[in-house]
Amino acid sequence: MSERRYAIIGTGALGGFYGAKLQRAGLDVHFLLNTDYEHVSKSGLVIESKDGDFRLPQVNAYGDANKMPRCDVVVVALKTTQNHLLPQMLPPVVKDGGVVLVLQNGLDVEEEIAQIVRNVNIIGGLCFLCSNKIAPGKIHHLAYGQITLGEYLPDYNPAGMTNTMRQIADDFERAGIAIELAKDLLLARWKKLVWNIPYNGLSVILNAQTDELMADFYTRNLVEQLMYEVIIGAESCGRVIPDSFISRMLEYTVKMEPYRTSMKIDYDERRPLEVETIFGNPLRRAQAVGVNLPQINCIYQQLKFLDHRR
């Protein structure tokens with residue numbers, strides 16, 4: 001059994017699900033919560049999952065990061081719109097020489113972490129997970145759950161397969177979480193954007209779930225065009241994604257249960273949208289080397305308008 005102690009920063013649909021799976025597998029897990037703190041500290045966590053429901057009647061719950069023990073692995077599962085809180089949350093929780101595992105969407109999020117904490121290993125995690133928080137301390141897992149892990153090096157130089165990645169992967173796999181290891185974190189992040197950019201953006205702008213976007217001839221074409229433009233963006237950063245990956249993502253989405261994306265949920269709940277990390281950062285990376293991504297830029301401008309208006 002692993003002796004690594006885990007902290008979950010952001011116990012929502014994603015952090016709560018993975019953290020609960022880790023605790024159920026016998027790991028020492030500590031959860032930082034905001035609005036759900038009182039409920040979870042008294043009643044624990046409930047997971048309704050396609051893989052089997054379970055309940056953790058007692059969890060280590062905290063409403064203040066300064067009261068948490070120092071942990072070997074700190075999982076950042078906040079929305080990137082809350083990253084301004086990390087300079088207060090991370091330093092008191094992560095051990096010197098520990099690991100920060102960043103389970104967030106978009107590009108350049110690891111660079112932010114590297115500016116906050118020193119002498120730690122930073123690993124990026126790309127989550128292919130359909131889950132929603134449906135009540136305080138209650139998470140509904142609809143489909144999938146795999147995480148792709150890649151270690152971060154300055155300037156996103158490929159790190160290859162590291163021992164740290166393998167150790168974290170072992171813990172997650174023991175908890176029943178499928179893991180894929182990526183030699184190149186930047187490539188993995190661009191590949192995740194092939195899905196995130198079209199579906200998150202269009203779900204908000206067109207007020208549609210994934211099944212509706214795929215069922216209509218015109219929106220399916222638009223999804224595919226946006227995916228090809230993400231591939232052009234990746235090429236501007238020296239990363240090659242084969243066209244066959246688009247076919248795989250389209251097929252993957254057709255087989256999904258009708259899904260309201262995380263950005264659509266945030267929009268409907270009148271929360272800030274992750275526009276900058278998912279759209280703005282990729283656009284700026286491409287523009288810095290003279291590459292235009294006009295359709296993604298159009299989506300970006302519309303989302304900025306909607307985000308400000310909300």
# chains A, B, ... in the order shown; residues from 1 in each chain; ligands from 1
call {"tool": "select_by_dssp", "arguments": {"residues": "stretch 105-144 of chain A", "states": "alpha helix (DSSP H)", "output": "list of chain:residue names"}}
result
A:Val109, A:Glu110, A:Glu111, A:Glu112, A:Ile113, A:Ala114, A:Gln115, A:Ile116
call {"tool": "residues_around", "arguments": {"residues": "stretch 267-276 of chain A", "least_positions_apart": "6", "cutoff": "10 Å", "atoms": "only C-alpha atoms", "output": "PyMOL selection string"}}
result
chain A and resi 79-82+104-107+197+200-201+203-205+207+261+282-284+299-301+303-304+306-308+310
call {"tool": "write_last_selection", "arguments": {"atoms": "N, CA and C atoms", "output": "compact mmCIF listing (two decimals), in the first residue's frame"}}
result
# COMPACT_ATOMS: atom_id res chain seq x y z
N LYS A 79 -11.45 24.92 -10.74
CA LYS A 79 -11.55 25.55 -12.05
C LYS A 79 -10.44 26.60 -12.17
N THR A 80 -9.93 26.79 -13.37
CA THR A 80 -8.81 27.72 -13.56
C THR A 80 -9.21 29.16 -13.25
N THR A 81 -10.50 29.45 -13.23
CA THR A 81 -10.95 30.79 -12.85
C THR A 81 -10.69 31.08 -11.38
N GLN A 82 -10.33 30.06 -10.61
CA GLN A 82 -10.02 30.24 -9.18
C GLN A 82 -8.52 30.15 -8.90
N GLN A 104 -6.48 20.20 -14.52
CA GLN A 104 -7.22 21.37 -15.01
C GLN A 104 -7.20 21.38 -16.53
N ASN A 105 -8.14 22.12 -17.09
CA ASN A 105 -8.24 22.25 -18.54
C ASN A 105 -7.35 23.36 -19.08
N GLY A 106 -7.07 23.30 -20.38
CA GLY A 106 -6.40 24.40 -21.07
C GLY A 106 -4.90 24.23 -21.17
N LEU A 107 -4.26 25.35 -21.56
CA LEU A 107 -2.81 25.40 -21.73
C LEU A 107 -2.17 26.30 -20.68
N ILE A 197 -12.17 22.53 -27.01
CA ILE A 197 -12.47 23.80 -27.70
C ILE A 197 -13.82 23.75 -28.42
N ASN A 200 -16.95 22.62 -25.55
CA ASN A 200 -17.20 23.59 -24.49
C ASN A 200 -17.69 24.91 -25.07
N GLY A 201 -17.02 25.39 -26.12
CA GLY A 201 -17.39 26.67 -26.69
C GLY A 201 -18.78 26.66 -27.30
N SER A 203 -21.24 24.55 -26.90
CA SER A 203 -22.33 24.23 -25.98
C SER A 203 -22.88 25.48 -25.31
N VAL A 204 -22.00 26.45 -25.04
CA VAL A 204 -22.43 27.71 -24.43
C VAL A 204 -23.07 28.61 -25.47
N ILE A 205 -22.39 28.82 -26.57
CA ILE A 205 -22.88 29.77 -27.58
C ILE A 205 -24.20 29.32 -28.20
N ASN A 207 -26.24 26.90 -26.82
CA ASN A 207 -27.14 26.36 -25.80
C ASN A 207 -27.51 24.91 -26.14
N THR A 261 -21.57 20.12 -21.02
CA THR A 261 -20.15 20.32 -20.73
C THR A 261 -19.94 21.15 -19.47
N PRO A 282 -4.20 29.12 -25.93
CA PRO A 282 -3.83 28.52 -27.22
C PRO A 282 -3.76 29.54 -28.35
N LEU A 283 -4.71 30.47 -28.38
CA LEU A 283 -4.68 31.51 -29.42
C LEU A 283 -3.40 32.33 -29.34
N ARG A 284 -3.03 32.72 -28.13
CA ARG A 284 -1.83 33.56 -27.97
C ARG A 284 -0.56 32.80 -28.33
N ILE A 299 -14.93 32.11 -31.73
CA ILE A 299 -15.56 31.52 -30.54
C ILE A 299 -15.08 32.24 -29.27
N TYR A 300 -13.78 32.50 -29.22
CA TYR A 300 -13.19 33.19 -28.06
C TYR A 300 -13.86 34.55 -27.83
N GLN A 301 -14.00 35.35 -28.89
CA GLN A 301 -14.59 36.68 -28.75
C GLN A 301 -16.04 36.59 -28.27
N LEU A 303 -17.40 34.13 -26.50
CA LEU A 303 -17.42 33.69 -25.10
C LEU A 303 -17.03 34.81 -24.15
N LYS A 304 -16.07 35.65 -24.55
CA LYS A 304 -15.69 36.78 -23.70
C LYS A 304 -16.88 37.72 -23.50
N LEU A 306 -20.12 36.89 -23.68
CA LEU A 306 -21.10 36.23 -22.82
C LEU A 306 -20.64 36.17 -21.38
N ASP A 307 -19.34 35.92 -21.17
CA ASP A 307 -18.79 35.84 -19.83
C ASP A 307 -18.91 37.18 -19.12
N HIS A 308 -18.58 38.26 -19.81
CA HIS A 308 -18.67 39.60 -19.19
C HIS A 308 -20.12 39.97 -18.92
N ARG A 310 -22.59 37.98 -18.24
CA ARG A 310 -23.15 37.22 -17.13
C ARG A 310 -22.62 37.73 -15.79
call {"tool": "select_by_dssp", "arguments": {"residues": "stretch 32-235 of chain A", "states": "strand (DSSP E or B)", "output": "PyMOL selection string"}}
result
chain A and resi 32+45-49+54-56+60-62+71-76+94-102+121-135+138-151+179-181
call {"tool": "residues_around", "arguments": {"residues": "stretch 59-70 of chain A", "least_positions_apart": "6", "cutoff": "8 Å", "atoms": "only C-alpha atoms", "output": "list in words"}}
result
Val29, His30, Phe31, Leu32, Leu33, Asn34, Tyr37, Val40, Ser41, Gly44, Leu45, Gln88, Met89, Leu90, Pro92, Val93, Val94 and Lys95 of chain A
call {"tool": "closest_residue", "arguments": {"among": "A:Gly19, A:Leu187, A:Leu202, A:Gln295", "to": "A:Val240", "atoms": "only C-alpha atoms"}}
result
A:Leu187
call {"tool": "residues_around", "arguments": {"residues": "A:Val75", "least_positions_apart": "3", "cutoff": "8 Å", "atoms": "only C-alpha atoms", "output": "list of chain:residue names"}}
result
A:Tyr6, A:Ala7, A:Ile8, A:Ile9, A:Gly15, A:Val100, A:Leu101, A:Val102, A:Leu103
call {"tool": "residues_around", "arguments": {"residues": "A:Asn297", "least_positions_apart": "4", "cutoff": "9 Å", "atoms": "only C-alpha atoms", "output": "ChimeraX atom specification"}}
result
/A:279-280,283,292-293,301-302
call {"tool": "write_last_selection", "arguments": {"atoms": "C-alpha atoms", "output": "PDB file, in the first residue's frame"}}
result
ATOM      1  CA  PHE A 279      -9.218  29.500 -25.692  1.00  0.00           C
ATOM      2  CA  GLY A 280      -7.068  32.540 -24.938  1.00  0.00           C
ATOM      3  CA  LEU A 283      -4.677  31.506 -29.417  1.00  0.00           C
ATOM      4  CA  ASN A 292      -3.970  32.653 -37.138  1.00  0.00           C
ATOM      5  CA  LEU A 293      -6.801  30.478 -35.838  1.00  0.00           C
ATOM      6  CA  GLN A 301     -14.589  36.684 -28.752  1.00  0.00           C
ATOM      7  CA  GLN A 302     -18.183  35.474 -28.369  1.00  0.00           C
TER       8      GLN A 302
END
call {"tool": "closest_residue", "arguments": {"among": "A:Ile139, A:Leu181, A:Cys237, A:Val120", "to": "A:Asn157", "atoms": "only C-alpha atoms"}}
result
A:Cys237
call {"tool": "residues_around", "arguments": {"residues": "stretch 176-179 of chain A", "least_positions_apart": "5", "cutoff": "7 Å", "atoms": "only C-alpha atoms", "output": "list of chain:residue names"}}
result
A:Gly145, A:Gln146, A:Ile147, A:Thr148, A:Ala169
call {"tool": "closest_residue", "arguments": {"among": "A:Thr210, A:Asn281, A:Ala215, A:Ala114", "to": "A:Pro198", "atoms": "only C-alpha atoms"}}
result
A:Thr210
call {"tool": "residues_around", "arguments": {"residues": "stretch 250-257 of chain A", "least_positions_apart": "4", "cutoff": "7 Å", "atoms": "only C-alpha atoms", "output": "PyMOL selection string"}}
result
chain A and resi 211+214+246
call {"tool": "atom_distance", "arguments": {"atom1": "atom CA of A:Lys133", "atom2": "atom CA of A:Gln58"}}
result
18.3 Å
call {"tool": "atom_distance", "arguments": {"atom1": "atom CA of A:Ser236", "atom2": "atom CA of A:Val223"}}
result
20.3 Å
call {"tool": "decode", "arguments": {"residues": "stretch 108-158 of chain A", "atoms": "N, CA and C atoms", "output": "PDB file, in the first residue's frame"}}
result
ATOM      1  N   ASP A 108      -0.910  25.992 -20.387  1.00  0.00           N
ATOM      2  CA  ASP A 108      -0.034  26.838 -19.562  1.00  0.00           C
ATOM      3  C   ASP A 108      -0.403  26.873 -18.085  1.00  0.00           C
ATOM      4  N   VAL A 109      -1.261  25.958 -17.647  1.00  0.00           N
ATOM      5  CA  VAL A 109      -1.633  25.969 -16.228  1.00  0.00           C
ATOM      6  C   VAL A 109      -0.466  25.522 -15.344  1.00  0.00           C
ATOM      7  N   GLU A 110       0.375  24.619 -15.846  1.00  0.00           N
ATOM      8  CA  GLU A 110       1.535  24.184 -15.050  1.00  0.00           C
ATOM      9  C   GLU A 110       2.532  25.316 -14.855  1.00  0.00           C
ATOM     10  N   GLU A 111       2.652  26.192 -15.843  1.00  0.00           N
ATOM     11  CA  GLU A 111       3.558  27.337 -15.702  1.00  0.00           C
ATOM     12  C   GLU A 111       3.126  28.227 -14.547  1.00  0.00           C
ATOM     13  N   GLU A 112       1.820  28.363 -14.350  1.00  0.00           N
ATOM     14  CA  GLU A 112       1.325  29.138 -13.207  1.00  0.00           C
ATOM     15  C   GLU A 112       1.757  28.504 -11.889  1.00  0.00           C
ATOM     16  N   ILE A 113       1.633  27.178 -11.806  1.00  0.00           N
ATOM     17  CA  ILE A 113       2.009  26.471 -10.581  1.00  0.00           C
ATOM     18  C   ILE A 113       3.491  26.652 -10.299  1.00  0.00           C
ATOM     19  N   ALA A 114       4.313  26.600 -11.338  1.00  0.00           N
ATOM     20  CA  ALA A 114       5.761  26.721 -11.178  1.00  0.00           C
ATOM     21  C   ALA A 114       6.169  28.082 -10.620  1.00  0.00           C
ATOM     22  N   GLN A 115       5.317  29.088 -10.802  1.00  0.00           N
ATOM     23  CA  GLN A 115       5.599  30.412 -10.246  1.00  0.00           C
ATOM     24  C   GLN A 115       5.204  30.520  -8.775  1.00  0.00           C
ATOM     25  N   ILE A 116       4.426  29.563  -8.291  1.00  0.00           N
ATOM     26  CA  ILE A 116       3.899  29.635  -6.920  1.00  0.00           C
ATOM     27  C   ILE A 116       4.720  28.815  -5.941  1.00  0.00           C
ATOM     28  N   VAL A 117       5.084  27.591  -6.329  1.00  0.00           N
ATOM     29  CA  VAL A 117       5.815  26.693  -5.425  1.00  0.00           C
ATOM     30  C   VAL A 117       7.095  26.209  -6.092  1.00  0.00           C
ATOM     31  N   ARG A 118       8.161  26.172  -5.313  1.00  0.00           N
ATOM     32  CA  ARG A 118       9.471  25.727  -5.802  1.00  0.00           C
ATOM     33  C   ARG A 118       9.793  24.356  -5.204  1.00  0.00           C
ATOM     34  N   ASN A 119      10.797  23.729  -5.757  1.00  0.00           N
ATOM     35  CA  ASN A 119      11.287  22.437  -5.254  1.00  0.00           C
ATOM     36  C   ASN A 119      10.168  21.405  -5.149  1.00  0.00           C
ATOM     37  N   VAL A 120       9.330  21.357  -6.172  1.00  0.00           N
ATOM     38  CA  VAL A 120       8.304  20.320  -6.270  1.00  0.00           C
ATOM     39  C   VAL A 120       8.327  19.770  -7.696  1.00  0.00           C
ATOM     40  N   ASN A 121       7.801  18.588  -7.850  1.00  0.00           N
ATOM     41  CA  ASN A 121       7.551  18.038  -9.182  1.00  0.00           C
ATOM     42  C   ASN A 121       6.139  18.438  -9.595  1.00  0.00           C
ATOM     43  N   ILE A 122       5.984  18.873 -10.824  1.00  0.00           N
ATOM     44  CA  ILE A 122       4.666  19.267 -11.323  1.00  0.00           C
ATOM     45  C   ILE A 122       4.270  18.300 -12.433  1.00  0.00           C
ATOM     46  N   ILE A 123       3.099  17.720 -12.264  1.00  0.00           N
ATOM     47  CA  ILE A 123       2.559  16.796 -13.264  1.00  0.00           C
ATOM     48  C   ILE A 123       1.221  17.343 -13.741  1.00  0.00           C
ATOM     49  N   GLY A 124       1.038  17.359 -15.052  1.00  0.00           N
ATOM     50  CA  GLY A 124      -0.245  17.736 -15.619  1.00  0.00           C
ATOM     51  C   GLY A 124      -1.098  16.504 -15.827  1.00  0.00           C
ATOM     52  N   GLY A 125      -2.390  16.639 -15.570  1.00  0.00           N
ATOM     53  CA  GLY A 125      -3.317  15.537 -15.767  1.00  0.00           C
ATOM     54  C   GLY A 125      -4.477  15.950 -16.643  1.00  0.00           C
ATOM     55  N   LEU A 126      -4.717  15.194 -17.714  1.00  0.00           N
ATOM     56  CA  LEU A 126      -5.826  15.465 -18.635  1.00  0.00           C
ATOM     57  C   LEU A 126      -6.905  14.438 -18.362  1.00  0.00           C
ATOM     58  N   CYS A 127      -8.057  14.911 -17.873  1.00  0.00           N
ATOM     59  CA  CYS A 127      -9.114  14.017 -17.426  1.00  0.00           C
ATOM     60  C   CYS A 127     -10.180  13.852 -18.510  1.00  0.00           C
ATOM     61  N   PHE A 128     -10.443  12.613 -18.873  1.00  0.00           N
ATOM     62  CA  PHE A 128     -11.537  12.301 -19.788  1.00  0.00           C
ATOM     63  C   PHE A 128     -12.655  11.714 -18.932  1.00  0.00           C
ATOM     64  N   LEU A 129     -13.433  12.612 -18.365  1.00  0.00           N
ATOM     65  CA  LEU A 129     -14.397  12.256 -17.334  1.00  0.00           C
ATOM     66  C   LEU A 129     -15.699  13.000 -17.554  1.00  0.00           C
ATOM     67  N   CYS A 130     -16.808  12.271 -17.486  1.00  0.00           N
ATOM     68  CA  CYS A 130     -18.130  12.894 -17.480  1.00  0.00           C
ATOM     69  C   CYS A 130     -18.711  12.719 -16.081  1.00  0.00           C
ATOM     70  N   SER A 131     -18.724  13.786 -15.306  1.00  0.00           N
ATOM     71  CA  SER A 131     -19.306  13.724 -13.960  1.00  0.00           C
ATOM     72  C   SER A 131     -19.840  15.093 -13.587  1.00  0.00           C
ATOM     73  N   ASN A 132     -20.822  15.101 -12.723  1.00  0.00           N
ATOM     74  CA  ASN A 132     -21.431  16.345 -12.248  1.00  0.00           C
ATOM     75  C   ASN A 132     -21.643  16.261 -10.745  1.00  0.00           C
ATOM     76  N   LYS A 133     -21.499  17.385 -10.065  1.00  0.00           N
ATOM     77  CA  LYS A 133     -21.903  17.461  -8.660  1.00  0.00           C
ATOM     78  C   LYS A 133     -23.386  17.805  -8.642  1.00  0.00           C
ATOM     79  N   ILE A 134     -24.200  16.907  -8.067  1.00  0.00           N
ATOM     80  CA  ILE A 134     -25.650  17.085  -8.149  1.00  0.00           C
ATOM     81  C   ILE A 134     -26.262  17.565  -6.841  1.00  0.00           C
ATOM     82  N   ALA A 135     -25.480  17.557  -5.762  1.00  0.00           N
ATOM     83  CA  ALA A 135     -25.923  18.055  -4.455  1.00  0.00           C
ATOM     84  C   ALA A 135     -24.681  18.198  -3.591  1.00  0.00           C
ATOM     85  N   PRO A 136     -24.771  18.886  -2.457  1.00  0.00           N
ATOM     86  CA  PRO A 136     -23.582  18.987  -1.595  1.00  0.00           C
ATOM     87  C   PRO A 136     -23.020  17.604  -1.247  1.00  0.00           C
ATOM     88  N   GLY A 137     -21.753  17.400  -1.561  1.00  0.00           N
ATOM     89  CA  GLY A 137     -21.107  16.132  -1.245  1.00  0.00           C
ATOM     90  C   GLY A 137     -21.590  14.950  -2.051  1.00  0.00           C
ATOM     91  N   LYS A 138     -22.319  15.187  -3.138  1.00  0.00           N
ATOM     92  CA  LYS A 138     -22.881  14.094  -3.943  1.00  0.00           C
ATOM     93  C   LYS A 138     -22.497  14.281  -5.409  1.00  0.00           C
ATOM     94  N   ILE A 139     -21.826  13.275  -5.971  1.00  0.00           N
ATOM     95  CA  ILE A 139     -21.283  13.368  -7.329  1.00  0.00           C
ATOM     96  C   ILE A 139     -21.855  12.249  -8.175  1.00  0.00           C
ATOM     97  N   HIS A 140     -22.294  12.601  -9.373  1.00  0.00           N
ATOM     98  CA  HIS A 140     -22.837  11.623 -10.324  1.00  0.00           C
ATOM     99  C   HIS A 140     -21.820  11.410 -11.439  1.00  0.00           C
ATOM    100  N   HIS A 141     -21.272  10.221 -11.497  1.00  0.00           N
ATOM    101  CA  HIS A 141     -20.295   9.848 -12.532  1.00  0.00           C
ATOM    102  C   HIS A 141     -21.041   9.158 -13.660  1.00  0.00           C
ATOM    103  N   LEU A 142     -21.057   9.808 -14.853  1.00  0.00           N
ATOM    104  CA  LEU A 142     -21.832   9.296 -15.975  1.00  0.00           C
ATOM    105  C   LEU A 142     -21.031   8.349 -16.862  1.00  0.00           C
ATOM    106  N   ALA A 143     -19.772   8.725 -17.166  1.00  0.00           N
ATOM    107  CA  ALA A 143     -19.005   7.935 -18.134  1.00  0.00           C
ATOM    108  C   ALA A 143     -17.522   8.252 -18.026  1.00  0.00           C
ATOM    109  N   TYR A 144     -16.730   7.326 -18.553  1.00  0.00           N
ATOM    110  CA  TYR A 144     -15.279   7.476 -18.689  1.00  0.00           C
ATOM    111  C   TYR A 144     -14.607   7.729 -17.324  1.00  0.00           C
ATOM    112  N   GLY A 145     -13.422   8.301 -17.340  1.00  0.00           N
ATOM    113  CA  GLY A 145     -12.690   8.526 -16.097  1.00  0.00           C
ATOM    114  C   GLY A 145     -11.187   8.455 -16.239  1.00  0.00           C
ATOM    115  N   GLN A 146     -10.710   8.131 -17.449  1.00  0.00           N
ATOM    116  CA  GLN A 146      -9.263   7.998 -17.663  1.00  0.00           C
ATOM    117  C   GLN A 146      -8.542   9.329 -17.486  1.00  0.00           C
ATOM    118  N   ILE A 147      -7.325   9.253 -16.966  1.00  0.00           N
ATOM    119  CA  ILE A 147      -6.459  10.428 -16.840  1.00  0.00           C
ATOM    120  C   ILE A 147      -5.169  10.168 -17.613  1.00  0.00           C
ATOM    121  N   THR A 148      -4.745  11.151 -18.404  1.00  0.00           N
ATOM    122  CA  THR A 148      -3.438  11.116 -19.049  1.00  0.00           C
ATOM    123  C   THR A 148      -2.484  11.976 -18.235  1.00  0.00           C
ATOM    124  N   LEU A 149      -1.372  11.399 -17.800  1.00  0.00           N
ATOM    125  CA  LEU A 149      -0.392  12.107 -16.979  1.00  0.00           C
ATOM    126  C   LEU A 149       0.853  12.424 -17.787  1.00  0.00           C
ATOM    127  N   GLY A 150       1.362  13.636 -17.599  1.00  0.00           N
ATOM    128  CA  GLY A 150       2.623  14.040 -18.208  1.00  0.00           C
ATOM    129  C   GLY A 150       3.378  14.965 -17.269  1.00  0.00           C
ATOM    130  N   GLU A 151       4.676  14.750 -17.115  1.00  0.00           N
ATOM    131  CA  GLU A 151       5.444  15.598 -16.204  1.00  0.00           C
ATOM    132  C   GLU A 151       5.834  16.895 -16.896  1.00  0.00           C
ATOM    133  N   TYR A 152       5.786  17.975 -16.122  1.00  0.00           N
ATOM    134  CA  TYR A 152       6.106  19.309 -16.642  1.00  0.00           C
ATOM    135  C   TYR A 152       7.577  19.620 -16.467  1.00  0.00           C
ATOM    136  N   LEU A 153       8.189  20.140 -17.538  1.00  0.00           N
ATOM    137  CA  LEU A 153       9.517  20.744 -17.497  1.00  0.00           C
ATOM    138  C   LEU A 153       9.408  22.168 -18.015  1.00  0.00           C
ATOM    139  N   PRO A 154      10.317  23.074 -17.621  1.00  0.00           N
ATOM    140  CA  PRO A 154      10.245  24.451 -18.128  1.00  0.00           C
ATOM    141  C   PRO A 154      10.159  24.494 -19.657  1.00  0.00           C
ATOM    142  N   ASP A 155       9.340  25.447 -20.146  1.00  0.00           N
ATOM    143  CA  ASP A 155       9.086  25.617 -21.578  1.00  0.00           C
ATOM    144  C   ASP A 155       8.399  24.400 -22.197  1.00  0.00           C
ATOM    145  N   TYR A 156       7.844  23.559 -21.374  1.00  0.00           N
ATOM    146  CA  TYR A 156       7.128  22.360 -21.830  1.00  0.00           C
ATOM    147  C   TYR A 156       7.998  21.452 -22.694  1.00  0.00           C
ATOM    148  N   ASN A 157       9.289  21.379 -22.359  1.00  0.00           N
ATOM    149  CA  ASN A 157      10.125  20.386 -23.017  1.00  0.00           C
ATOM    150  C   ASN A 157       9.653  18.993 -22.620  1.00  0.00           C
ATOM    151  N   PRO A 158       9.607  18.051 -23.557  1.00  0.00           N
ATOM    152  CA  PRO A 158       9.143  16.697 -23.220  1.00  0.00           C
ATOM    153  C   PRO A 158       9.985  16.074 -22.105  1.00  0.00           C
TER     154      PRO A 158
END
